[in-house]
>>> print(open('target-v2.cif').read())   # mmCIF, C-alpha atoms
data_query
loop_
_atom_site.group_PDB
_atom_site.id
_atom_site.type_symbol
_atom_site.label_atom_id
_atom_site.label_comp_id
_atom_site.auth_asym_id
_atom_site.auth_seq_id
_atom_site.Cartn_x
_atom_site.Cartn_y
_atom_site.Cartn_z
ATOM 1 C CA MET A 11 -3.995 -11.230 -22.040
ATOM 2 C CA PRO A 12 -3.380 -10.731 -18.303
ATOM 3 C CA THR A 13 -6.285 -10.080 -15.984
ATOM 4 C CA ILE A 14 -4.663 -7.025 -14.380
ATOM 5 C CA SER A 15 -2.188 -4.457 -15.702
ATOM 6 C CA ILE A 16 -0.249 -2.733 -12.926
ATOM 7 C CA ILE A 17 1.012 0.698 -13.979
ATOM 8 C CA ILE A 18 3.929 2.116 -11.961
ATOM 9 C CA PRO A 19 5.267 5.611 -12.785
ATOM 10 C CA ILE A 20 8.865 5.906 -11.602
ATOM 11 C CA TYR A 21 11.035 8.953 -11.060
ATOM 12 C CA ASN A 22 14.203 8.805 -8.933
ATOM 13 C CA ALA A 23 12.718 6.160 -6.643
ATOM 14 C CA GLU A 24 15.877 4.072 -6.254
ATOM 15 C CA LEU A 25 15.676 4.009 -2.441
ATOM 16 C CA TYR A 26 12.165 2.533 -2.346
ATOM 17 C CA LEU A 27 11.593 0.848 -5.701
ATOM 18 C CA ALA A 28 12.866 -2.638 -4.870
ATOM 19 C CA GLU A 29 10.545 -2.881 -1.853
ATOM 20 C CA CYS A 30 7.626 -1.760 -4.017
ATOM 21 C CA LEU A 31 8.319 -4.277 -6.791
ATOM 22 C CA ASP A 32 8.967 -7.081 -4.304
ATOM 23 C CA SER A 33 5.513 -6.471 -2.842
ATOM 24 C CA ILE A 34 4.063 -6.947 -6.342
ATOM 25 C CA ILE A 35 5.982 -10.182 -6.938
ATOM 26 C CA ASN A 36 4.696 -11.455 -3.577
ATOM 27 C CA GLN A 37 1.023 -11.019 -4.486
ATOM 28 C CA ASP A 38 -1.163 -14.100 -3.980
ATOM 29 C CA PHE A 39 -2.857 -13.182 -7.292
ATOM 30 C CA GLN A 40 -0.386 -13.883 -10.107
ATOM 31 C CA ASP A 41 -2.234 -13.191 -13.377
ATOM 32 C CA TYR A 42 -0.875 -9.708 -13.992
ATOM 33 C CA GLU A 43 1.621 -7.667 -15.948
ATOM 34 C CA ALA A 44 3.607 -4.832 -14.362
ATOM 35 C CA LEU A 45 4.479 -1.822 -16.509
ATOM 36 C CA LEU A 46 7.471 0.082 -15.149
ATOM 37 C CA ILE A 47 7.357 3.591 -16.614
ATOM 38 C CA ASP A 48 10.669 5.378 -16.012
ATOM 39 C CA ASP A 49 9.960 9.098 -16.303
ATOM 40 C CA GLY A 50 13.545 10.152 -16.994
ATOM 41 C CA SER A 51 15.102 9.077 -13.687
ATOM 42 C CA THR A 52 18.672 10.233 -13.022
ATOM 43 C CA ASP A 53 19.426 7.800 -10.180
ATOM 44 C CA GLY A 54 19.635 4.016 -10.229
ATOM 45 C CA SER A 55 15.924 3.421 -10.840
ATOM 46 C CA SER A 56 16.453 2.298 -14.450
ATOM 47 C CA THR A 57 18.981 -0.331 -13.382
ATOM 48 C CA LEU A 58 16.540 -1.753 -10.836
ATOM 49 C CA CYS A 59 13.748 -1.816 -13.417
ATOM 50 C CA LYS A 60 15.909 -3.780 -15.848
ATOM 51 C CA GLU A 61 16.912 -6.231 -13.112
ATOM 52 C CA PHE A 62 13.261 -6.945 -12.274
ATOM 53 C CA GLN A 63 12.414 -7.250 -15.973
ATOM 54 C CA CYS A 64 15.094 -9.941 -16.294
ATOM 55 C CA LEU A 65 13.898 -11.610 -13.098
ATOM 56 C CA ASP A 66 10.216 -11.832 -14.078
ATOM 57 C CA THR A 67 8.831 -11.799 -17.632
ATOM 58 C CA ARG A 68 5.609 -10.149 -16.410
ATOM 59 C CA PHE A 69 7.598 -6.951 -15.774
ATOM 60 C CA HIS A 70 7.940 -4.605 -18.753
ATOM 61 C CA TYR A 71 10.254 -1.597 -18.716
ATOM 62 C CA PHE A 72 9.552 1.646 -20.583
ATOM 63 C CA CYS A 73 11.733 4.757 -20.501
ATOM 64 C CA GLN A 74 10.732 8.276 -21.521
ATOM 65 C CA GLU A 75 11.946 11.835 -21.108
ATOM 66 C CA ASN A 76 10.798 13.449 -17.889
ATOM 67 C CA GLY A 77 7.237 14.673 -18.390
ATOM 68 C CA GLY A 78 5.547 14.221 -15.023
ATOM 69 C CA VAL A 79 3.528 11.506 -13.351
ATOM 70 C CA SER A 80 0.433 12.018 -15.526
ATOM 71 C CA LYS A 81 2.412 11.546 -18.734
ATOM 72 C CA ALA A 82 4.021 8.422 -17.266
ATOM 73 C CA ARG A 83 0.612 6.986 -16.349
ATOM 74 C CA ASN A 84 -0.680 7.783 -19.837
ATOM 75 C CA THR A 85 2.271 5.887 -21.296
ATOM 76 C CA GLY A 86 1.262 2.966 -19.111
ATOM 77 C CA LEU A 87 -2.340 3.159 -20.315
ATOM 78 C CA ALA A 88 -1.149 3.138 -23.928
ATOM 79 C CA HIS A 89 0.804 -0.111 -23.431
ATOM 80 C CA ALA A 90 -1.382 -1.969 -20.918
ATOM 81 C CA THR A 91 -3.098 -5.102 -22.213
ATOM 82 C CA GLY A 92 -5.000 -6.293 -19.117
ATOM 83 C CA GLN A 93 -8.739 -6.467 -18.517
ATOM 84 C CA TRP A 94 -8.369 -4.284 -15.408
ATOM 85 C CA PHE A 95 -5.919 -1.497 -14.586
ATOM 86 C CA TYR A 96 -4.269 -0.864 -11.228
ATOM 87 C CA PHE A 97 -1.935 2.012 -10.342
ATOM 88 C CA VAL A 98 0.925 1.896 -7.856
ATOM 89 C CA ASP A 99 3.331 4.643 -6.792
ATOM 90 C CA ALA A 100 6.976 3.583 -6.835
ATOM 91 C CA ASP A 101 7.625 4.466 -3.183
ATOM 92 C CA ASP A 102 4.634 2.555 -1.768
ATOM 93 C CA THR A 103 3.903 -1.131 -1.116
ATOM 94 C CA LEU A 104 1.036 -3.605 -1.382
ATOM 95 C CA PRO A 105 -0.214 -6.154 1.143
ATOM 96 C CA ALA A 106 0.033 -9.652 -0.354
ATOM 97 C CA HIS A 107 -3.750 -9.909 -0.829
ATOM 98 C CA SER A 108 -4.305 -6.551 -2.577
ATOM 99 C CA LEU A 109 -4.911 -7.711 -6.134
ATOM 100 C CA SER A 110 -6.911 -10.800 -5.156
ATOM 101 C CA THR A 111 -9.166 -8.775 -2.858
ATOM 102 C CA LEU A 112 -10.013 -6.176 -5.489
ATOM 103 C CA TRP A 113 -10.330 -8.722 -8.308
ATOM 104 C CA LYS A 114 -12.756 -10.947 -6.374
ATOM 105 C CA LEU A 115 -15.023 -7.923 -5.912
ATOM 106 C CA SER A 116 -15.001 -7.311 -9.678
ATOM 107 C CA LYS A 117 -16.271 -10.772 -10.715
ATOM 108 C CA ASN A 118 -19.903 -9.604 -10.741
ATOM 109 C CA ASN A 119 -20.597 -8.413 -14.311
ATOM 110 C CA SER A 120 -22.333 -5.250 -13.077
ATOM 111 C CA VAL A 121 -19.226 -4.097 -11.158
ATOM 112 C CA GLU A 122 -17.045 -1.592 -13.007
ATOM 113 C CA LEU A 123 -14.894 -0.218 -10.179
ATOM 114 C CA THR A 124 -13.562 -1.785 -6.983
ATOM 115 C CA MET A 125 -11.833 0.057 -4.180
ATOM 116 C CA GLY A 126 -10.521 -0.584 -0.703
ATOM 117 C CA ARG A 127 -9.044 1.109 2.306
ATOM 118 C CA TYR A 128 -5.375 1.899 2.781
ATOM 119 C CA THR A 129 -3.015 2.420 5.651
ATOM 120 C CA GLU A 130 -0.647 5.382 5.961
ATOM 121 C CA ILE A 131 2.955 4.841 7.031
ATOM 122 C CA ASP A 132 5.188 7.844 7.653
ATOM 123 C CA GLU A 133 8.976 7.751 7.805
ATOM 124 C CA TYR A 134 8.977 7.414 11.582
ATOM 125 C CA GLN A 135 5.994 5.297 12.545
ATOM 126 C CA GLU A 136 3.091 3.363 11.117
ATOM 127 C CA ASN A 137 -0.395 4.758 11.482
ATOM 128 C CA LYS A 138 -2.641 1.887 12.424
ATOM 129 C CA SER A 139 -6.014 1.719 10.709
ATOM 130 C CA LYS A 140 -9.205 0.633 12.416
ATOM 131 C CA LYS A 141 -10.052 -3.021 11.890
ATOM 132 C CA GLN A 142 -13.481 -3.401 10.395
ATOM 133 C CA SER A 143 -14.948 -5.819 7.897
ATOM 134 C CA PHE A 144 -17.670 -4.778 5.471
ATOM 135 C CA GLU A 145 -18.426 -4.120 1.821
ATOM 136 C CA LEU A 146 -20.562 -1.449 0.179
ATOM 137 C CA GLN A 147 -22.214 -1.573 -3.248
ATOM 138 C CA LEU A 148 -22.498 1.936 -4.653
ATOM 139 C CA ASP A 149 -24.028 3.477 -7.745
ATOM 140 C CA ARG A 150 -22.042 6.201 -9.467
ATOM 141 C CA VAL A 151 -23.687 8.984 -7.427
ATOM 142 C CA ASN A 152 -22.795 7.474 -4.070
ATOM 143 C CA CYS A 153 -19.392 6.447 -5.390
ATOM 144 C CA THR A 154 -18.739 10.077 -6.331
ATOM 145 C CA CYS A 155 -19.818 11.220 -2.874
ATOM 146 C CA LEU A 156 -17.324 8.792 -1.356
ATOM 147 C CA LEU A 157 -14.527 10.606 -3.197
ATOM 148 C CA PHE A 158 -15.460 13.853 -1.447
ATOM 149 C CA LEU A 159 -16.453 12.704 2.039
ATOM 150 C CA THR A 160 -13.364 11.994 4.146
ATOM 151 C CA HIS A 161 -14.731 11.845 7.691
ATOM 152 C CA GLU A 162 -15.968 8.249 7.588
ATOM 153 C CA TYR A 163 -13.629 6.147 5.426
ATOM 154 C CA GLY A 164 -10.760 8.559 4.847
ATOM 155 C CA TYR A 165 -9.771 10.334 1.648
ATOM 156 C CA GLN A 166 -10.717 8.179 -1.345
ATOM 157 C CA GLY A 167 -9.568 10.377 -4.238
ATOM 158 C CA TYR A 168 -6.355 8.419 -4.766
ATOM 159 C CA LEU A 169 -5.810 6.075 -7.719
ATOM 160 C CA TRP A 170 -3.931 3.304 -6.021
ATOM 161 C CA ASN A 171 -6.708 1.795 -3.909
ATOM 162 C CA LYS A 172 -8.874 1.119 -6.978
ATOM 163 C CA LEU A 173 -9.221 -1.393 -9.799
ATOM 164 C CA PHE A 174 -10.423 0.195 -13.064
ATOM 165 C CA LYS A 175 -12.100 -1.668 -15.928
ATOM 166 C CA ALA A 176 -9.942 -1.374 -19.040
ATOM 167 C CA SER A 177 -12.852 -1.415 -21.503
ATOM 168 C CA ILE A 178 -14.337 1.767 -19.988
ATOM 169 C CA ILE A 179 -11.010 3.584 -20.190
ATOM 170 C CA HIS A 180 -10.537 2.519 -23.820
ATOM 171 C CA GLN A 181 -14.122 3.163 -24.899
ATOM 172 C CA HIS A 182 -14.164 6.692 -23.478
ATOM 173 C CA HIS A 183 -10.524 7.488 -24.309
ATOM 174 C CA LEU A 184 -9.806 8.422 -20.707
ATOM 175 C CA ARG A 185 -6.379 9.866 -19.997
ATOM 176 C CA PHE A 186 -4.711 11.882 -17.253
ATOM 177 C CA ASN A 187 -4.596 15.654 -17.694
ATOM 178 C CA GLU A 188 -0.866 16.273 -18.101
ATOM 179 C CA SER A 189 -1.179 19.976 -17.304
ATOM 180 C CA PHE A 190 -2.093 19.269 -13.659
ATOM 181 C CA HIS A 191 0.444 18.290 -10.984
ATOM 182 C CA PHE A 192 -1.966 18.240 -8.017
ATOM 183 C CA ASN A 193 -5.369 16.511 -7.674
ATOM 184 C CA GLU A 194 -5.008 14.964 -11.136
ATOM 185 C CA ASP A 195 -5.781 11.557 -9.643
ATOM 186 C CA ARG A 196 -9.193 12.549 -8.274
ATOM 187 C CA LEU A 197 -10.030 14.256 -11.573
ATOM 188 C CA PHE A 198 -9.295 10.997 -13.418
ATOM 189 C CA CYS A 199 -11.414 9.056 -10.921
ATOM 190 C CA ILE A 200 -14.329 11.460 -11.395
ATOM 191 C CA GLU A 201 -14.111 11.251 -15.181
ATOM 192 C CA TYR A 202 -14.017 7.455 -14.943
ATOM 193 C CA ILE A 203 -17.071 7.341 -12.657
ATOM 194 C CA CYS A 204 -18.934 9.649 -15.043
ATOM 195 C CA ALA A 205 -18.330 7.069 -17.777
ATOM 196 C CA MET A 206 -19.607 4.186 -15.629
ATOM 197 C CA LYS A 207 -23.030 2.607 -15.958
ATOM 198 C CA GLY A 208 -22.523 -0.183 -13.443
ATOM 199 C CA LEU A 209 -21.621 -0.426 -9.769
ATOM 200 C CA CYS A 210 -18.661 0.347 -7.545
ATOM 201 C CA VAL A 211 -17.817 -1.987 -4.662
ATOM 202 C CA PHE A 212 -15.917 -0.632 -1.663
ATOM 203 C CA THR A 213 -14.283 -2.962 0.856
ATOM 204 C CA SER A 214 -12.974 -2.068 4.297
ATOM 205 C CA GLN A 215 -9.989 -4.382 3.788
ATOM 206 C CA ILE A 216 -6.589 -2.694 3.499
ATOM 207 C CA VAL A 217 -5.347 -3.001 -0.092
ATOM 208 C CA TYR A 218 -2.536 -0.434 -0.142
ATOM 209 C CA GLU A 219 0.291 0.842 2.033
ATOM 210 C CA TYR A 220 0.807 4.555 1.457
ATOM 211 C CA HIS A 221 4.211 5.726 2.651
ATOM 212 C CA ARG A 222 4.215 9.407 3.579
ATOM 213 C CA ARG A 223 7.661 10.703 2.693
ATOM 214 C CA LEU A 224 9.162 14.178 2.884
ATOM 215 C CA SER A 225 10.569 13.671 -0.628
ATOM 216 C CA SER A 226 7.146 13.079 -2.226
ATOM 217 C CA VAL A 227 5.198 15.753 -4.115
ATOM 218 C CA MET A 228 2.835 16.275 -1.183
ATOM 219 C CA GLY A 229 5.694 16.082 1.288
ATOM 220 C CA LYS A 230 7.571 18.834 -0.539
ATOM 221 C CA ALA A 231 4.370 20.900 -0.768
ATOM 222 C CA ARG A 232 4.238 20.933 3.024
ATOM 223 C CA GLN A 233 7.806 22.249 3.272
ATOM 224 C CA SER A 234 8.113 24.922 0.588
ATOM 225 C CA PHE A 235 5.897 26.857 -1.793
ATOM 226 C CA ASN A 236 5.352 25.166 -5.150
ATOM 227 C CA PRO A 237 3.679 27.280 -7.885
ATOM 228 C CA ASN A 238 2.083 24.094 -9.237
ATOM 229 C CA ILE A 239 -0.047 23.965 -6.098
ATOM 230 C CA TYR A 240 -2.564 26.147 -7.947
ATOM 231 C CA ASP A 241 -3.303 23.048 -10.047
ATOM 232 C CA ASP A 242 -5.184 21.716 -7.030
ATOM 233 C CA TYR A 243 -7.683 24.548 -7.383
ATOM 234 C CA GLU A 244 -7.874 24.446 -11.174
ATOM 235 C CA SER A 245 -8.470 20.694 -11.254
ATOM 236 C CA SER A 246 -11.147 21.063 -8.550
ATOM 237 C CA LEU A 247 -12.881 23.598 -10.754
ATOM 238 C CA VAL A 248 -12.756 21.189 -13.714
ATOM 239 C CA ILE A 249 -14.308 18.512 -11.490
ATOM 240 C CA LEU A 250 -17.171 20.846 -10.559
ATOM 241 C CA GLN A 251 -17.784 21.744 -14.200
ATOM 242 C CA THR A 252 -17.669 18.068 -15.239
ATOM 243 C CA LEU A 253 -20.224 17.044 -12.617
ATOM 244 C CA LYS A 254 -22.532 19.888 -13.649
ATOM 245 C CA GLN A 255 -22.290 18.852 -17.302
ATOM 246 C CA GLN A 256 -23.107 15.263 -16.350
ATOM 247 C CA GLY A 257 -26.251 16.396 -14.531
ATOM 248 C CA PHE A 258 -25.309 15.122 -11.085
ATOM 249 C CA SER A 259 -27.553 15.798 -8.116
ATOM 250 C CA HIS A 260 -27.531 19.006 -6.088
ATOM 251 C CA ARG A 261 -25.830 17.165 -3.238
ATOM 252 C CA VAL A 262 -22.907 16.057 -5.412
ATOM 253 C CA ILE A 263 -22.519 19.537 -6.889
ATOM 254 C CA ASN A 264 -22.376 21.041 -3.389
ATOM 255 C CA LEU A 265 -19.725 18.535 -2.350
ATOM 256 C CA ALA A 266 -17.682 19.623 -5.373
ATOM 257 C CA ARG A 267 -18.171 23.262 -4.389
ATOM 258 C CA ASP A 268 -16.970 22.396 -0.886
ATOM 259 C CA ARG A 269 -13.907 20.840 -2.500
ATOM 260 C CA ILE A 270 -13.087 24.141 -4.231
ATOM 261 C CA ILE A 271 -13.123 25.903 -0.862
ATOM 262 C CA ASP A 272 -11.043 23.071 0.620
ATOM 263 C CA SER A 273 -8.509 23.709 -2.130
ATOM 264 C CA TYR A 274 -8.470 27.415 -1.280
ATOM 265 C CA ASP A 275 -7.777 26.493 2.366
ATOM 266 C CA PHE A 276 -5.049 24.039 1.366
ATOM 267 C CA ILE A 277 -3.242 26.591 -0.817
ATOM 268 C CA ARG A 278 -3.706 29.394 1.735
ATOM 269 C CA HIS A 279 -2.277 27.238 4.517
ATOM 270 C CA ASN A 280 0.670 26.245 2.333
ATOM 271 C CA MET A 281 1.451 29.872 1.485
ATOM 272 C CA CYS A 282 1.358 30.913 5.123
ATOM 273 C CA LYS A 283 3.362 27.930 6.375
ATOM 274 C CA THR A 284 6.107 28.317 3.770
ATOM 275 C CA HIS A 285 6.249 32.129 4.179
ATOM 276 C CA TYR A 286 5.567 32.748 0.498
ATOM 277 C CA SER A 287 6.543 36.388 -0.149
ATOM 278 C CA GLU A 288 3.444 37.249 -2.182
ATOM 279 C CA ALA A 289 1.072 35.342 0.102
ATOM 280 C CA LYS A 290 -1.168 38.218 1.192
ATOM 281 C CA HIS A 291 -2.091 39.348 -2.315
ATOM 282 C CA ALA A 292 -2.295 35.778 -3.680
ATOM 283 C CA ILE A 293 -4.591 34.618 -0.864
ATOM 284 C CA HIS A 294 -6.859 37.613 -1.355
ATOM 285 C CA GLU A 295 -7.120 36.895 -5.089
ATOM 286 C CA LEU A 296 -7.742 33.193 -4.571
ATOM 287 C CA ARG A 297 -10.419 33.924 -1.984
ATOM 288 C CA ARG A 298 -12.133 36.212 -4.499
ATOM 289 C CA ARG A 299 -12.057 33.383 -7.043
ATOM 290 C CA ALA A 300 -13.402 30.830 -4.569
ATOM 291 C CA ILE A 301 -16.321 33.117 -3.708
ATOM 292 C CA ASN A 302 -17.030 33.732 -7.388
ATOM 293 C CA ASP A 303 -16.838 30.030 -8.295
ATOM 294 C CA THR A 304 -19.068 28.820 -5.436
ATOM 295 C CA SER A 305 -21.176 31.936 -4.593
ATOM 296 C CA TYR A 306 -20.778 34.301 -1.659
ATOM 297 C CA ILE A 307 -23.586 32.737 0.398
ATOM 298 C CA PHE A 308 -22.229 29.213 -0.129
ATOM 299 C CA PHE A 309 -18.720 30.328 0.829
ATOM 300 C CA ILE A 310 -19.893 31.932 4.094
ATOM 301 C CA CYS A 311 -22.075 28.930 4.945
ATOM 302 C CA ASN A 312 -19.109 26.667 4.292
ATOM 303 C CA ARG A 313 -17.058 28.632 6.831
ATOM 304 C CA ILE A 314 -19.835 28.263 9.413
ATOM 305 C CA ARG A 315 -20.324 24.552 8.716
ATOM 306 C CA ARG A 316 -16.602 23.851 8.960
ATOM 307 C CA PHE A 317 -16.379 25.698 12.276
ATOM 308 C CA LEU A 318 -19.330 23.766 13.690
ATOM 309 C CA SER A 319 -17.980 20.459 12.353
ATOM 310 C CA LYS A 320 -14.665 21.080 14.077
ATOM 311 C CA GLN A 321 -16.238 22.058 17.394
ATOM 312 C CA VAL A 322 -18.777 19.214 17.487
ATOM 313 C CA GLY A 323 -16.186 16.718 16.296
ATOM 314 C CA HIS A 324 -13.864 17.796 19.099
ATOM 315 C CA LEU A 325 -16.611 17.296 21.674
ATOM 316 C CA MET A 326 -17.563 13.878 20.282
ATOM 317 C CA GLY A 327 -13.997 12.714 19.777
ATOM 318 C CA ARG A 328 -14.402 11.817 16.109
ATOM 319 C CA GLY A 329 -14.650 13.399 12.676
ATOM 320 C CA ILE A 330 -17.902 15.205 11.922
ATOM 321 C CA TYR A 331 -18.948 16.776 8.646
ATOM 322 C CA PHE A 332 -22.012 18.970 8.160
ATOM 323 C CA GLU A 333 -23.072 18.983 4.520
ATOM 324 C CA SER A 334 -24.672 21.933 2.781
ATOM 325 C CA ILE A 335 -28.469 22.101 2.932
ATOM 326 C CA PHE A 336 -28.739 24.646 0.125
#
>>> encode(input="target-v2.cif", output="structure tokens")
Amino acid sequence: MPTISIIIPIYNAELYLAECLDSIINQDFQDYEALLIDDGSTDGSSTLCKEFQCLDTRFHYFCQENGGVSKARNTGLAHATGQWFYFVDADDTLPAHSLSTLWKLSKNNSVELTMGRYTEIDEYQENKSKKQSFELQLDRVNCTCLLFLTHEYGYQGYLWNKLFKASIIHQHHLRFNESFHFNEDRLFCIEYICAMKGLCVFTSQIVYEYHRRLSSVMGKARQSFNPNIYDDYESSLVILQTLKQQGFSHRVINLARDRIIDSYDFIRHNMCKTHYSEAKHAIHELRRRAINDTSYIFFICNRIRRFLSKQVGHLMGRGIYFESIF
């Protein structure tokens, strides 16, 4: 049984896949298996997968009809045999120390989730991350807050900067919601944290290289209107309902309510930027929903807090976030 199972959903990633898989082979931690889940690719991705499978017996190739990234990840979960699970996107890369860094943090028996920082690289230039060195031990409440608060350590709702304990996923039958195409990763992270009883450890070390590409799901969402973008709102609503059912604190619930309004802003901006023909009516309807799902007073206070955060942050030269006091 390998220590870590690396799950890689693949769809038409021929241009970037070899670089991704090479970065896995070059890890300084070698006790892993890599599950290559081909989600019905029509380019040369399958050929590359088979070449790497022949090159290294730790690589296992699976092919399925196209069903989306969540279905591909679920296929990976069904076949993974490791003690810990790690997710990688086929067009991204890992620093050589990624697996060893996250695994070392997991060696304490009370630790059930480890996570680190990442660097963003676009197709034209690399975005340099600040160099800091620290670790944080978090209970599940503070770990959940970290997934919502972006001003200090960046957005942490992604899968690929985290190491998940396999026994928790198996015991609670955790799977990705295949009906969602946006924000499904943060929903899975929230459901996992809800199942935790132990600690999360966050390290400031860079453990992932996220390549921002125009051909990615988020890249395409910035260029043209995608009806699936509503999944971002629906999954945010499921997150809010899940946290309420789990009895999380008022602070966490308010952060989830803020996330619903963030989703409204994200979808509204996308509709306006892509000149969606039905934008005016759709935005009005979504705004009505956001007010209903968070409350009118909370919605208005959110607008005021976001305005003040932006103005104060501009004056101070750094990100500022004013949380709800209600």
>>> closest_residue(input="target-v2.cif", among="A:Ala82, A:Leu58, A:Ile178, A:Leu115", to="A:Tyr26", atoms="only C-alpha atoms")
A:Leu58
>>> closest_residue(input="target-v2.cif", among="A:Tyr21, A:Tyr274, A:Phe186, A:Ile307", to="A:Ile293", atoms="only C-alpha atoms")
A:Tyr274
>>> closest_residue(input="target-v2.cif", among="A:Thr52, A:Ser273, A:Ser80, A:Ser110", to="A:Ser246", atoms="all atoms listed in the file")
A:Ser273
>>> resolve_selection(input="target-v2.cif", expression="the PyMOL selection byres ((chain A and resi 104) around 10)", output="PDB file with C-alpha atoms, in the frame of the given file")
ATOM      1  CA  GLU A  29      10.545  -2.881  -1.853  1.00  0.00           C
ATOM      2  CA  CYS A  30       7.626  -1.760  -4.017  1.00  0.00           C
ATOM      3  CA  LEU A  31       8.319  -4.277  -6.791  1.00  0.00           C
ATOM      4  CA  ASP A  32       8.967  -7.081  -4.304  1.00  0.00           C
ATOM      5  CA  SER A  33       5.513  -6.471  -2.842  1.00  0.00           C
ATOM      6  CA  ILE A  34       4.063  -6.947  -6.342  1.00  0.00           C
ATOM      7  CA  ILE A  35       5.982 -10.182  -6.938  1.00  0.00           C
ATOM      8  CA  ASN A  36       4.696 -11.455  -3.577  1.00  0.00           C
ATOM      9  CA  GLN A  37       1.023 -11.019  -4.486  1.00  0.00           C
ATOM     10  CA  VAL A  98       0.925   1.896  -7.856  1.00  0.00           C
ATOM     11  CA  ASP A 102       4.634   2.555  -1.768  1.00  0.00           C
ATOM     12  CA  THR A 103       3.903  -1.131  -1.116  1.00  0.00           C
ATOM     13  CA  PRO A 105      -0.214  -6.154   1.143  1.00  0.00           C
ATOM     14  CA  ALA A 106       0.033  -9.652  -0.354  1.00  0.00           C
ATOM     15  CA  HIS A 107      -3.750  -9.909  -0.829  1.00  0.00           C
ATOM     16  CA  SER A 108      -4.305  -6.551  -2.577  1.00  0.00           C
ATOM     17  CA  LEU A 109      -4.911  -7.711  -6.134  1.00  0.00           C
ATOM     18  CA  TYR A 128      -5.375   1.899   2.781  1.00  0.00           C
ATOM     19  CA  TRP A 170      -3.931   3.304  -6.021  1.00  0.00           C
ATOM     20  CA  ASN A 171      -6.708   1.795  -3.909  1.00  0.00           C
ATOM     21  CA  ILE A 216      -6.589  -2.694   3.499  1.00  0.00           C
ATOM     22  CA  VAL A 217      -5.347  -3.001  -0.092  1.00  0.00           C
ATOM     23  CA  TYR A 218      -2.536  -0.434  -0.142  1.00  0.00           C
ATOM     24  CA  GLU A 219       0.291   0.842   2.033  1.00  0.00           C
ATOM     25  CA  TYR A 220       0.807   4.555   1.457  1.00  0.00           C
TER      26      TYR A 220
END
>>> closest_residue(input="target-v2.cif", among="A:Leu27, A:Ile14, A:Leu197, A:Leu247", to="A:Thr91", atoms="all atoms listed in the file")
A:Ile14
>>> closest_residue(input="target-v2.cif", among="A:Ile20, A:Met125, A:Ile277, A:Phe158", to="A:Cys73", atoms="only C-alpha atoms")
A:Ile20
>>> atom_distance(input="target-v2.cif", atom1="atom CA of A:Asp241", atom2="atom CA of A:Phe95")
25.1 Å
>>> residues_around(input="target-v2.cif", residues="A:Glu122", least_positions_apart="5", cutoff="12 Å", atoms="all atoms listed in the file", output="PyMOL selection string")
chain A and resi 93-95+112-113+115-117+147-150+153+172-179+202-212
>>> atom_distance(input="target-v2.cif", atom1="atom CA of A:Phe258", atom2="atom CA of A:Cys155")
10.6 Å
>>> atom_distance(input="target-v2.cif", atom1="atom CA of A:Tyr96", atom2="atom CA of A:Arg267")
28.7 Å
>>> resolve_selection(input="target-v2.cif", expression="the PyMOL selection byres ((chain A and resi 195) around 8)", output="mmCIF file with C-alpha atoms, in the coordinates of the input")
data_model
loop_
_atom_site.group_PDB
_atom_site.id
_atom_site.type_symbol
_atom_site.label_atom_id
_atom_site.label_comp_id
_atom_site.auth_asym_id
_atom_site.auth_seq_id
_atom_site.Cartn_x
_atom_site.Cartn_y
_atom_site.Cartn_z
ATOM 1 C CA GLY A 167 -9.568 10.377 -4.238
ATOM 2 C CA TYR A 168 -6.355 8.419 -4.766
ATOM 3 C CA LEU A 169 -5.810 6.075 -7.719
ATOM 4 C CA PHE A 186 -4.711 11.882 -17.253
ATOM 5 C CA PHE A 192 -1.966 18.240 -8.017
ATOM 6 C CA ASN A 193 -5.369 16.511 -7.674
ATOM 7 C CA GLU A 194 -5.008 14.964 -11.136
ATOM 8 C CA ARG A 196 -9.193 12.549 -8.274
ATOM 9 C CA LEU A 197 -10.030 14.256 -11.573
ATOM 10 C CA PHE A 198 -9.295 10.997 -13.418
ATOM 11 C CA CYS A 199 -11.414 9.056 -10.921
#
>>> residues_around(input="target-v2.cif", residues="stretch 294-300 of chain A", least_positions_apart="3", cutoff="8 Å", atoms="all atoms listed in the file", output="VMD selection string")
chain A and resid 270 to 271 274 290 to 291 303 to 305 309
>>> closest_residue(input="target-v2.cif", among="A:Asn22, A:Leu87, A:Val322, A:Leu159", to="A:Asp272", atoms="all atoms listed in the file")
A:Leu159
>>> resolve_selection(input="target-v2.cif", expression="the PyMOL selection byres ((chain A and resi 12) around 6)", output="list in words")
Met11, Thr13, Ile14, Asp41, Tyr42 and Gly92 of chain A
>>> residues_near_point(input="target-v2.cif", point="(3.0, 5.1, -10.5)", cutoff="8 Å", atoms="only C-alpha atoms", output="list in words")
Ile17, Ile18, Pro19, Ile20, Ile47, Val79, Ala82, Arg83, Phe97, Val98, Asp99 and Ala100 of chain A
